[in-house]
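This is protein-v2.cif (mmCIF, C-alpha atoms and all ligand atoms).
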data_target
#
loop_
_atom_site.group_PDB
_atom_site.id
_atom_site.type_symbol
_atom_site.label_atom_id
_atom_site.label_comp_id
_atom_site.auth_asym_id
_atom_site.auth_seq_id
_atom_site.Cartn_x
_atom_site.Cartn_y
_atom_site.Cartn_z
ATOM 1 C CA MET N 1 -19.467 -6.176 22.354
ATOM 2 C CA THR N 2 -16.692 -4.811 20.148
ATOM 3 C CA ASP N 3 -15.332 -1.385 21.024
ATOM 4 C CA THR N 4 -15.591 0.750 17.899
ATOM 5 C CA THR N 5 -13.867 3.823 19.292
ATOM 6 C CA TYR N 6 -10.907 5.145 17.327
ATOM 7 C CA ASP N 7 -7.893 6.733 19.022
ATOM 8 C CA SER N 8 -6.886 9.606 16.744
ATOM 9 C CA GLN N 9 -3.530 9.894 18.559
ATOM 10 C CA ASN N 10 -2.354 6.431 17.450
ATOM 11 C CA ILE N 11 0.993 6.412 15.675
ATOM 12 C CA PHE N 12 -0.366 5.590 12.211
ATOM 13 C CA ALA N 13 -2.919 8.424 12.447
ATOM 14 C CA ARG N 14 0.021 10.688 13.288
ATOM 15 C CA ILE N 15 1.954 9.379 10.256
ATOM 16 C CA LEU N 16 -1.083 10.129 8.066
ATOM 17 C CA ARG N 17 -1.196 13.693 9.417
ATOM 18 C CA GLY N 18 2.530 14.109 8.719
ATOM 19 C CA GLU N 19 3.378 14.503 12.411
ATOM 20 C CA ILE N 20 5.711 11.489 12.359
ATOM 21 C CA PRO N 21 7.900 10.649 9.339
ATOM 22 C CA ALA N 22 7.613 7.411 7.398
ATOM 23 C CA LYS N 23 9.374 6.319 4.230
ATOM 24 C CA LYS N 24 6.608 6.299 1.660
ATOM 25 C CA ILE N 25 6.515 3.147 -0.489
ATOM 26 C CA TYR N 26 3.126 3.872 -2.064
ATOM 27 C CA GLU N 27 0.348 6.421 -1.661
ATOM 28 C CA ASP N 28 -2.978 7.147 -3.320
ATOM 29 C CA ASP N 29 -6.366 8.524 -2.213
ATOM 30 C CA TYR N 30 -7.145 5.373 -0.222
ATOM 31 C CA ALA N 31 -3.922 3.988 1.192
ATOM 32 C CA LEU N 32 -0.425 4.735 2.389
ATOM 33 C CA ALA N 33 2.348 2.126 2.577
ATOM 34 C CA PHE N 34 5.661 2.317 4.426
ATOM 35 C CA PRO N 35 8.239 -0.158 5.787
ATOM 36 C CA ASP N 36 7.648 -1.720 9.191
ATOM 37 C CA ILE N 37 10.088 -0.198 11.679
ATOM 38 C CA ALA N 38 10.883 -3.676 13.076
ATOM 39 C CA PRO N 39 10.863 -5.928 9.993
ATOM 40 C CA LYS N 40 10.066 -9.620 10.508
ATOM 41 C CA ALA N 41 11.064 -10.617 6.939
ATOM 42 C CA PRO N 42 13.290 -9.225 4.153
ATOM 43 C CA VAL N 43 10.184 -7.444 2.849
ATOM 44 C CA HIS N 44 7.842 -6.119 5.541
ATOM 45 C CA ILE N 45 5.480 -3.399 4.412
ATOM 46 C CA LEU N 46 2.559 -1.866 6.293
ATOM 47 C CA VAL N 47 -0.445 -0.652 4.320
ATOM 48 C CA ILE N 48 -2.957 1.608 6.042
ATOM 49 C CA PRO N 49 -6.203 3.129 4.795
ATOM 50 C CA LYS N 50 -6.478 6.926 4.775
ATOM 51 C CA GLY N 51 -9.720 6.791 6.788
ATOM 52 C CA ALA N 52 -10.014 6.393 10.563
ATOM 53 C CA TYR N 53 -10.702 2.688 11.112
ATOM 54 C CA ARG N 54 -9.500 0.589 14.014
ATOM 55 C CA ASP N 55 -9.141 -2.832 12.407
ATOM 56 C CA VAL N 56 -10.329 -5.001 9.526
ATOM 57 C CA TYR N 57 -13.687 -5.552 11.256
ATOM 58 C CA ASP N 58 -14.282 -1.826 11.702
ATOM 59 C CA PHE N 59 -13.142 -1.145 8.121
ATOM 60 C CA GLY N 60 -15.448 -3.759 6.611
ATOM 61 C CA ALA N 61 -18.359 -2.615 8.769
ATOM 62 C CA ARG N 62 -18.086 1.164 8.289
ATOM 63 C CA ALA N 63 -16.005 2.050 5.227
ATOM 64 C CA GLY N 64 -17.656 2.931 1.942
ATOM 65 C CA SER N 65 -17.470 0.616 -1.063
ATOM 66 C CA GLU N 66 -15.064 2.968 -2.836
ATOM 67 C CA GLU N 67 -12.705 3.009 0.149
ATOM 68 C CA ILE N 68 -12.793 -0.787 0.449
ATOM 69 C CA ALA N 69 -12.154 -1.295 -3.263
ATOM 70 C CA GLY N 70 -9.492 1.425 -3.291
ATOM 71 C CA PHE N 71 -7.646 -0.164 -0.393
ATOM 72 C CA ALA N 72 -7.760 -3.647 -1.949
ATOM 73 C CA ARG N 73 -6.467 -2.264 -5.263
ATOM 74 C CA ALA N 74 -3.673 -0.414 -3.448
ATOM 75 C CA VAL N 75 -2.532 -3.638 -1.750
ATOM 76 C CA SER N 76 -2.356 -5.325 -5.163
ATOM 77 C CA LYS N 77 -0.472 -2.391 -6.678
ATOM 78 C CA ILE N 78 2.097 -2.579 -3.868
ATOM 79 C CA ILE N 79 2.487 -6.345 -4.359
ATOM 80 C CA ALA N 80 3.136 -5.715 -8.071
ATOM 81 C CA GLN N 81 5.427 -2.750 -7.384
ATOM 82 C CA GLU N 82 7.546 -4.842 -5.016
ATOM 83 C CA ASN N 83 7.601 -7.843 -7.421
ATOM 84 C CA LEU N 84 6.209 -10.181 -4.779
ATOM 85 C CA GLU N 85 3.562 -11.965 -6.781
ATOM 86 C CA SER N 86 5.549 -14.742 -8.445
ATOM 87 C CA ALA N 87 7.459 -15.896 -5.352
ATOM 88 C CA GLY N 88 4.530 -15.451 -2.978
ATOM 89 C CA PHE N 89 4.052 -13.466 0.191
ATOM 90 C CA ARG N 90 1.823 -13.246 3.267
ATOM 91 C CA VAL N 91 -0.749 -10.636 4.255
ATOM 92 C CA ILE N 92 -1.606 -10.403 7.948
ATOM 93 C CA SER N 93 -3.886 -8.119 9.914
ATOM 94 C CA ASN N 94 -3.701 -8.304 13.699
ATOM 95 C CA CYS N 95 -6.893 -7.254 15.454
ATOM 96 C CA GLY N 96 -7.567 -6.453 19.085
ATOM 97 C CA LEU N 97 -6.281 -8.108 22.218
ATOM 98 C CA HIS N 98 -6.157 -11.744 21.093
ATOM 99 C CA GLY N 99 -4.826 -10.710 17.683
ATOM 100 C CA GLY N 100 -1.914 -8.905 19.331
ATOM 101 C CA GLN N 101 -2.666 -5.578 17.653
ATOM 102 C CA GLU N 102 -0.245 -2.876 18.809
ATOM 103 C CA VAL N 103 -1.371 0.081 16.716
ATOM 104 C CA PRO N 104 -5.143 0.672 16.667
ATOM 105 C CA HIS N 105 -5.415 1.938 13.076
ATOM 106 C CA TYR N 106 -6.338 -0.745 10.535
ATOM 107 C CA HIS N 107 -3.287 -2.013 8.699
ATOM 108 C CA VAL N 108 -2.134 -5.039 6.793
ATOM 109 C CA HIS N 109 1.386 -6.400 6.964
ATOM 110 C CA ILE N 110 2.783 -7.596 3.624
ATOM 111 C CA LEU N 111 5.615 -10.017 4.334
ATOM 112 C CA GLY N 112 7.862 -11.673 1.796
ATOM 113 C CA GLY N 113 11.333 -12.035 0.359
ATOM 114 C CA LYS N 114 11.890 -15.541 1.766
ATOM 115 C CA ALA N 115 9.933 -18.696 2.615
ATOM 116 C CA LEU N 116 7.978 -17.593 5.670
ATOM 117 C CA GLY N 117 7.369 -20.949 7.327
ATOM 118 C CA ALA N 118 4.401 -21.832 9.492
ATOM 119 C CA MET N 119 1.599 -19.318 9.822
ATOM 120 C CA ILE N 120 1.936 -19.017 13.602
HETATM 121 P P1 LIG I 201 0.349 -4.742 14.949
HETATM 122 O O1 LIG I 201 -0.516 -3.588 15.446
HETATM 123 O O2 LIG I 201 0.519 -5.805 15.960
HETATM 124 O O3 LIG I 201 -0.126 -5.301 13.647
HETATM 125 O O4 LIG I 201 1.811 -4.172 14.709
HETATM 126 C C1 LIG I 201 2.108 -2.831 14.448
HETATM 127 C C2 LIG I 201 3.392 -2.774 13.667
HETATM 128 O O5 LIG I 201 3.723 -1.414 13.487
HETATM 129 C C3 LIG I 201 4.608 -3.444 14.347
HETATM 130 O O6 LIG I 201 5.101 -4.461 13.464
HETATM 131 C C4 LIG I 201 5.608 -2.294 14.526
HETATM 132 O O7 LIG I 201 6.935 -2.685 14.295
HETATM 133 C C5 LIG I 201 5.129 -1.275 13.504
HETATM 134 N N1 LIG I 201 5.415 0.120 13.797
HETATM 135 C C6 LIG I 201 5.193 0.779 14.949
HETATM 136 N N2 LIG I 201 5.537 2.073 14.840
HETATM 137 C C7 LIG I 201 5.979 2.233 13.571
HETATM 138 C C8 LIG I 201 6.481 3.343 12.827
HETATM 139 N N3 LIG I 201 6.598 4.552 13.360
HETATM 140 N N4 LIG I 201 6.854 3.141 11.556
HETATM 141 C C9 LIG I 201 6.752 1.917 10.994
HETATM 142 N N5 LIG I 201 6.287 0.838 11.634
HETATM 143 C C10 LIG I 201 5.909 0.988 12.906
#

Output the file's structure as C-alpha cells, nothing else.
Ligand code: AMP
Amino acid sequence: MTDTTYDSQNIFARILRGEIPAKKIYEDDYALAFPDIAPKAPVHILVIPKGAYRDVYDFGARAGSEEIAGFARAVSKIIAQENLESAGFRVISNCGLHGGQEVPHYHVHILGGKALGAMI
C-alpha cells in the first residue's frame, strides 16, 4: 500500500514557507518554480504545487480540480516564459523509492537547452 503521509519539514515545503531561499522563476496561486540547485541540463527548473502533496500520484488522487488545472497551466506558462517550446524539453517527476525521489513534495523537473539523449 502506498504511504500517503506528507513530511512538512521537507526542503520544498520549507522553500514554500520562506524558510529557505530559492530564486523565483515563476509563482502564482498554484505553483512555484525555481532553478534546480544541481542542474542536469542548461535549463533545469523545478515546479512545485503550493499544496502539500508527496508525488504525482498523491497530487492526482487528492488535489482539487482547480489545483490540478492551475498547476498544469503554470507548467505551460513556465515553458513559454523560458522559450522552450520550439526546441523541445523534457518533464520528469521522480516518485518514491524506485523513482529515486529525494524530496518528498511533488515536483516536476523541466529540462532543456540541449538535446537530452536517451530517457534513462
Ligand atoms: P528528486 O526528488 O529526485 O526529483 O530530486 C530533487 C531535486 O531537488 C534534485 O535535483 C536536487 O538537486 C534539487 N534540490 C534539492 N534541494 C534544493 C534546493 N534547496 N533548491 C533547489 N533545488 C534543490

Take every atom of ligand LIG 201 (chain I) listed in the file, fit an axis-aligned box around them, add 5 Å per side, and give the centre and edge lengths in Å to one decimal as JSON.
{"center_x": 3.2, "center_y": -0.6, "center_z": 13.5, "size_x": 17.5, "size_y": 20.4, "size_z": 15.0}

Worksheet entry | Residues matched by the PyMOL selection byres (((not hetatm)) within 7 of (chain I and resi 201)), written as a list of chain:residue names |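 For this structure, the PyMOL selection byres (((not hetatm)) within 7 of (chain I and resi 201)) resolves to N:Ile11, N:Ala22, N:Phe34, N:Pro35, N:Asp36, N:Ile37, N:Ala38, N:Pro39, N:Ser93, N:Asn94, N:Gly100, N:Gln101, N:Glu102, N:Val103, N:Pro104, N:His107, N:His109.
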
Would you save the residues of that selection, restricted to C-alpha atoms, as a PDB file, in the frame of the given file?
ATOM      1  CA  ILE N  11       0.993   6.412  15.675  1.00  0.00           C
ATOM      2  CA  ALA N  22       7.613   7.411   7.398  1.00  0.00           C
ATOM      3  CA  PHE N  34       5.661   2.317   4.426  1.00  0.00           C
ATOM      4  CA  PRO N  35       8.239  -0.158   5.787  1.00  0.00           C
ATOM      5  CA  ASP N  36       7.648  -1.720   9.191  1.00  0.00           C
ATOM      6  CA  ILE N  37      10.088  -0.198  11.679  1.00  0.00           C
ATOM      7  CA  ALA N  38      10.883  -3.676  13.076  1.00  0.00           C
ATOM      8  CA  PRO N  39      10.863  -5.928   9.993  1.00  0.00           C
ATOM      9  CA  SER N  93      -3.886  -8.119   9.914  1.00  0.00           C
ATOM     10  CA  ASN N  94      -3.701  -8.304  13.699  1.00  0.00           C
ATOM     11  CA  GLY N 100      -1.914  -8.905  19.331  1.00  0.00           C
ATOM     12  CA  GLN N 101      -2.666  -5.578  17.653  1.00  0.00           C
ATOM     13  CA  GLU N 102      -0.245  -2.876  18.809  1.00  0.00           C
ATOM     14  CA  VAL N 103      -1.371   0.081  16.716  1.00  0.00           C
ATOM     15  CA  PRO N 104      -5.143   0.672  16.667  1.00  0.00           C
ATOM     16  CA  HIS N 107      -3.287  -2.013   8.699  1.00  0.00           C
ATOM     17  CA  HIS N 109       1.386  -6.400   6.964  1.00  0.00           C
TER      18      HIS N 109
END

Worksheet entry | Computed interatomic separation between CA of Asp58 in chain N and CA of Pro21 in chain N (Å) |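 Going from CA of Asp58 in chain N over to CA of Pro21 in chain N covers 25.6 Å.
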
Do a neighbour search on Arg62 in chain N at 12 Å with only C-alpha atoms, toss out local chain neighbours closer than 5 positions, and write the hits as an mmCIF file with C-alpha atoms, keeping the file's coordinate frame.
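Heads up, here's the output in around_3.cif:
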data_model
loop_
_atom_site.group_PDB
_atom_site.id
_atom_site.type_symbol
_atom_site.label_atom_id
_atom_site.label_comp_id
_atom_site.auth_asym_id
_atom_site.auth_seq_id
_atom_site.Cartn_x
_atom_site.Cartn_y
_atom_site.Cartn_z
ATOM 1 C CA THR N 4 -15.591 0.750 17.899
ATOM 2 C CA GLY N 51 -9.720 6.791 6.788
ATOM 3 C CA ALA N 52 -10.014 6.393 10.563
ATOM 4 C CA TYR N 53 -10.702 2.688 11.112
ATOM 5 C CA ARG N 54 -9.500 0.589 14.014
ATOM 6 C CA ASP N 55 -9.141 -2.832 12.407
ATOM 7 C CA VAL N 56 -10.329 -5.001 9.526
ATOM 8 C CA TYR N 57 -13.687 -5.552 11.256
ATOM 9 C CA GLU N 67 -12.705 3.009 0.149
ATOM 10 C CA ILE N 68 -12.793 -0.787 0.449
#

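Here CA of Leu111 in chain N stands at a distance of 16.6 Å from CA of Lys24 in chain N.
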
Practice prompt. Enter the distance from CA of Ala31 in chain N to CA of Gly112 in chain N, in Å, rounded to one decimal.
Written response: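 One can read the CA of Ala31 in chain N to CA of Gly112 in chain N distance as 19.6 Å.
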
Item to complete: Check what the PyMOL selection byres (((chain N and resi 73-85) around 10) and not hetatm) selects in the file above and give those residues as number ranges by chain.
Response: N: 25-33, 43, 45-49, 67-72, 86-91, 108-113

Pull C-alpha atoms from the residues just selected and write them as a PDB file, keeping the file's coordinate frame.
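Below is the file that was written, result.pdb:
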ATOM      1  CA  ILE N  25       6.515   3.147  -0.489  1.00  0.00           C
ATOM      2  CA  TYR N  26       3.126   3.872  -2.064  1.00  0.00           C
ATOM      3  CA  GLU N  27       0.348   6.421  -1.661  1.00  0.00           C
ATOM      4  CA  ASP N  28      -2.978   7.147  -3.320  1.00  0.00           C
ATOM      5  CA  ASP N  29      -6.366   8.524  -2.213  1.00  0.00           C
ATOM      6  CA  TYR N  30      -7.145   5.373  -0.222  1.00  0.00           C
ATOM      7  CA  ALA N  31      -3.922   3.988   1.192  1.00  0.00           C
ATOM      8  CA  LEU N  32      -0.425   4.735   2.389  1.00  0.00           C
ATOM      9  CA  ALA N  33       2.348   2.126   2.577  1.00  0.00           C
ATOM     10  CA  VAL N  43      10.184  -7.444   2.849  1.00  0.00           C
ATOM     11  CA  ILE N  45       5.480  -3.399   4.412  1.00  0.00           C
ATOM     12  CA  LEU N  46       2.559  -1.866   6.293  1.00  0.00           C
ATOM     13  CA  VAL N  47      -0.445  -0.652   4.320  1.00  0.00           C
ATOM     14  CA  ILE N  48      -2.957   1.608   6.042  1.00  0.00           C
ATOM     15  CA  PRO N  49      -6.203   3.129   4.795  1.00  0.00           C
ATOM     16  CA  GLU N  67     -12.705   3.009   0.149  1.00  0.00           C
ATOM     17  CA  ILE N  68     -12.793  -0.787   0.449  1.00  0.00           C
ATOM     18  CA  ALA N  69     -12.154  -1.295  -3.263  1.00  0.00           C
ATOM     19  CA  GLY N  70      -9.492   1.425  -3.291  1.00  0.00           C
ATOM     20  CA  PHE N  71      -7.646  -0.164  -0.393  1.00  0.00           C
ATOM     21  CA  ALA N  72      -7.760  -3.647  -1.949  1.00  0.00           C
ATOM     22  CA  SER N  86       5.549 -14.742  -8.445  1.00  0.00           C
ATOM     23  CA  ALA N  87       7.459 -15.896  -5.352  1.00  0.00           C
ATOM     24  CA  GLY N  88       4.530 -15.451  -2.978  1.00  0.00           C
ATOM     25  CA  PHE N  89       4.052 -13.466   0.191  1.00  0.00           C
ATOM     26  CA  ARG N  90       1.823 -13.246   3.267  1.00  0.00           C
ATOM     27  CA  VAL N  91      -0.749 -10.636   4.255  1.00  0.00           C
ATOM     28  CA  VAL N 108      -2.134  -5.039   6.793  1.00  0.00           C
ATOM     29  CA  HIS N 109       1.386  -6.400   6.964  1.00  0.00           C
ATOM     30  CA  ILE N 110       2.783  -7.596   3.624  1.00  0.00           C
ATOM     31  CA  LEU N 111       5.615 -10.017   4.334  1.00  0.00           C
ATOM     32  CA  GLY N 112       7.862 -11.673   1.796  1.00  0.00           C
ATOM     33  CA  GLY N 113      11.333 -12.035   0.359  1.00  0.00           C
TER      34      GLY N 113
END

Practice prompt. Between N:Gly60, N:Pro42, N:Cys95, N:Ser65, single out the one closest to Ala115 in chain N, counting all atoms listed in the file.
Written response: N:Pro42

Worksheet entry | Residue with smallest distance to Met119 in chain N - pool N:Ala63, N:Ala41, N:Ile92, N:Leu16, counting only C-alpha atoms |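 So, comparing all the options, the nearest one is N:Ile92.
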
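Minimum atom-to-atom distance to Phe12 in chain N, evaluated using all atoms listed in the file, belongs to N:Lys50 out of N:Gly64, N:Phe59, N:Leu97, N:Lys50.
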
Worksheet entry | Best match for closeness to Ile15 in chain N among N:Glu66, N:Ala118, N:Lys40, N:His105, counting only C-alpha atoms |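 Of all the options, N:His105 lies closest to Ile15 in chain N.
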
Please reconstruct the missing atoms of range 53-78 of chain N (target: N, CA and C atoms) and return them as a PDB file, keeping the file's coordinate frame.
ATOM      1  N   TYR N  53     -10.107   3.987  10.776  1.00  0.00           N
ATOM      2  CA  TYR N  53     -10.702   2.688  11.112  1.00  0.00           C
ATOM      3  C   TYR N  53      -9.757   1.925  12.011  1.00  0.00           C
ATOM      4  N   ARG N  54     -10.310   1.232  12.978  1.00  0.00           N
ATOM      5  CA  ARG N  54      -9.500   0.589  14.014  1.00  0.00           C
ATOM      6  C   ARG N  54      -8.883  -0.726  13.567  1.00  0.00           C
ATOM      7  N   ASP N  55      -9.637  -1.512  12.824  1.00  0.00           N
ATOM      8  CA  ASP N  55      -9.141  -2.832  12.407  1.00  0.00           C
ATOM      9  C   ASP N  55      -9.954  -3.306  11.206  1.00  0.00           C
ATOM     10  N   VAL N  56      -9.670  -4.512  10.746  1.00  0.00           N
ATOM     11  CA  VAL N  56     -10.329  -5.001   9.526  1.00  0.00           C
ATOM     12  C   VAL N  56     -11.841  -5.134   9.736  1.00  0.00           C
ATOM     13  N   TYR N  57     -12.246  -5.475  10.960  1.00  0.00           N
ATOM     14  CA  TYR N  57     -13.687  -5.552  11.256  1.00  0.00           C
ATOM     15  C   TYR N  57     -14.341  -4.179  11.106  1.00  0.00           C
ATOM     16  N   ASP N  58     -13.741  -3.183  11.742  1.00  0.00           N
ATOM     17  CA  ASP N  58     -14.282  -1.826  11.702  1.00  0.00           C
ATOM     18  C   ASP N  58     -14.308  -1.308  10.261  1.00  0.00           C
ATOM     19  N   PHE N  59     -13.239  -1.596   9.516  1.00  0.00           N
ATOM     20  CA  PHE N  59     -13.142  -1.145   8.121  1.00  0.00           C
ATOM     21  C   PHE N  59     -14.263  -1.765   7.279  1.00  0.00           C
ATOM     22  N   GLY N  60     -14.417  -3.076   7.402  1.00  0.00           N
ATOM     23  CA  GLY N  60     -15.448  -3.759   6.611  1.00  0.00           C
ATOM     24  C   GLY N  60     -16.853  -3.351   7.000  1.00  0.00           C
ATOM     25  N   ALA N  61     -17.029  -2.982   8.283  1.00  0.00           N
ATOM     26  CA  ALA N  61     -18.359  -2.615   8.769  1.00  0.00           C
ATOM     27  C   ALA N  61     -18.729  -1.175   8.408  1.00  0.00           C
ATOM     28  N   ARG N  62     -17.740  -0.251   8.407  1.00  0.00           N
ATOM     29  CA  ARG N  62     -18.086   1.164   8.289  1.00  0.00           C
ATOM     30  C   ARG N  62     -17.596   1.858   7.022  1.00  0.00           C
ATOM     31  N   ALA N  63     -16.566   1.341   6.394  1.00  0.00           N
ATOM     32  CA  ALA N  63     -16.005   2.050   5.227  1.00  0.00           C
ATOM     33  C   ALA N  63     -16.947   1.953   4.036  1.00  0.00           C
ATOM     34  N   GLY N  64     -16.866   2.951   3.167  1.00  0.00           N
ATOM     35  CA  GLY N  64     -17.656   2.931   1.942  1.00  0.00           C
ATOM     36  C   GLY N  64     -17.066   1.962   0.925  1.00  0.00           C
ATOM     37  N   SER N  65     -17.905   1.580  -0.047  1.00  0.00           N
ATOM     38  CA  SER N  65     -17.470   0.616  -1.063  1.00  0.00           C
ATOM     39  C   SER N  65     -16.236   1.107  -1.815  1.00  0.00           C
ATOM     40  N   GLU N  66     -16.202   2.412  -2.084  1.00  0.00           N
ATOM     41  CA  GLU N  66     -15.064   2.968  -2.836  1.00  0.00           C
ATOM     42  C   GLU N  66     -13.773   2.862  -2.018  1.00  0.00           C
ATOM     43  N   GLU N  67     -13.889   3.111  -0.718  1.00  0.00           N
ATOM     44  CA  GLU N  67     -12.705   3.009   0.149  1.00  0.00           C
ATOM     45  C   GLU N  67     -12.215   1.569   0.230  1.00  0.00           C
ATOM     46  N   ILE N  68     -13.165   0.628   0.341  1.00  0.00           N
ATOM     47  CA  ILE N  68     -12.793  -0.787   0.449  1.00  0.00           C
ATOM     48  C   ILE N  68     -12.140  -1.252  -0.848  1.00  0.00           C
ATOM     49  N   ALA N  69     -12.737  -0.903  -1.970  1.00  0.00           N
ATOM     50  CA  ALA N  69     -12.154  -1.295  -3.263  1.00  0.00           C
ATOM     51  C   ALA N  69     -10.811  -0.608  -3.465  1.00  0.00           C
ATOM     52  N   GLY N  70     -10.740   0.673  -3.112  1.00  0.00           N
ATOM     53  CA  GLY N  70      -9.492   1.425  -3.291  1.00  0.00           C
ATOM     54  C   GLY N  70      -8.367   0.837  -2.476  1.00  0.00           C
ATOM     55  N   PHE N  71      -8.678   0.417  -1.250  1.00  0.00           N
ATOM     56  CA  PHE N  71      -7.646  -0.164  -0.393  1.00  0.00           C
ATOM     57  C   PHE N  71      -7.175  -1.509  -0.962  1.00  0.00           C
ATOM     58  N   ALA N  72      -8.121  -2.336  -1.380  1.00  0.00           N
ATOM     59  CA  ALA N  72      -7.760  -3.647  -1.949  1.00  0.00           C
ATOM     60  C   ALA N  72      -6.903  -3.467  -3.204  1.00  0.00           C
ATOM     61  N   ARG N  73      -7.262  -2.519  -4.049  1.00  0.00           N
ATOM     62  CA  ARG N  73      -6.467  -2.264  -5.263  1.00  0.00           C
ATOM     63  C   ARG N  73      -5.073  -1.776  -4.895  1.00  0.00           C
ATOM     64  N   ALA N  74      -4.983  -0.935  -3.865  1.00  0.00           N
ATOM     65  CA  ALA N  74      -3.673  -0.414  -3.448  1.00  0.00           C
ATOM     66  C   ALA N  74      -2.783  -1.567  -2.987  1.00  0.00           C
ATOM     67  N   VAL N  75      -3.329  -2.491  -2.212  1.00  0.00           N
ATOM     68  CA  VAL N  75      -2.532  -3.638  -1.750  1.00  0.00           C
ATOM     69  C   VAL N  75      -1.985  -4.398  -2.958  1.00  0.00           C
ATOM     70  N   SER N  76      -2.825  -4.603  -3.969  1.00  0.00           N
ATOM     71  CA  SER N  76      -2.356  -5.325  -5.163  1.00  0.00           C
ATOM     72  C   SER N  76      -1.299  -4.531  -5.915  1.00  0.00           C
ATOM     73  N   LYS N  77      -1.474  -3.217  -5.984  1.00  0.00           N
ATOM     74  CA  LYS N  77      -0.472  -2.391  -6.678  1.00  0.00           C
ATOM     75  C   LYS N  77       0.876  -2.471  -5.965  1.00  0.00           C
ATOM     76  N   ILE N  78       0.850  -2.490  -4.647  1.00  0.00           N
ATOM     77  CA  ILE N  78       2.097  -2.579  -3.868  1.00  0.00           C
ATOM     78  C   ILE N  78       2.757  -3.947  -4.093  1.00  0.00           C
TER      79      ILE N  78
END
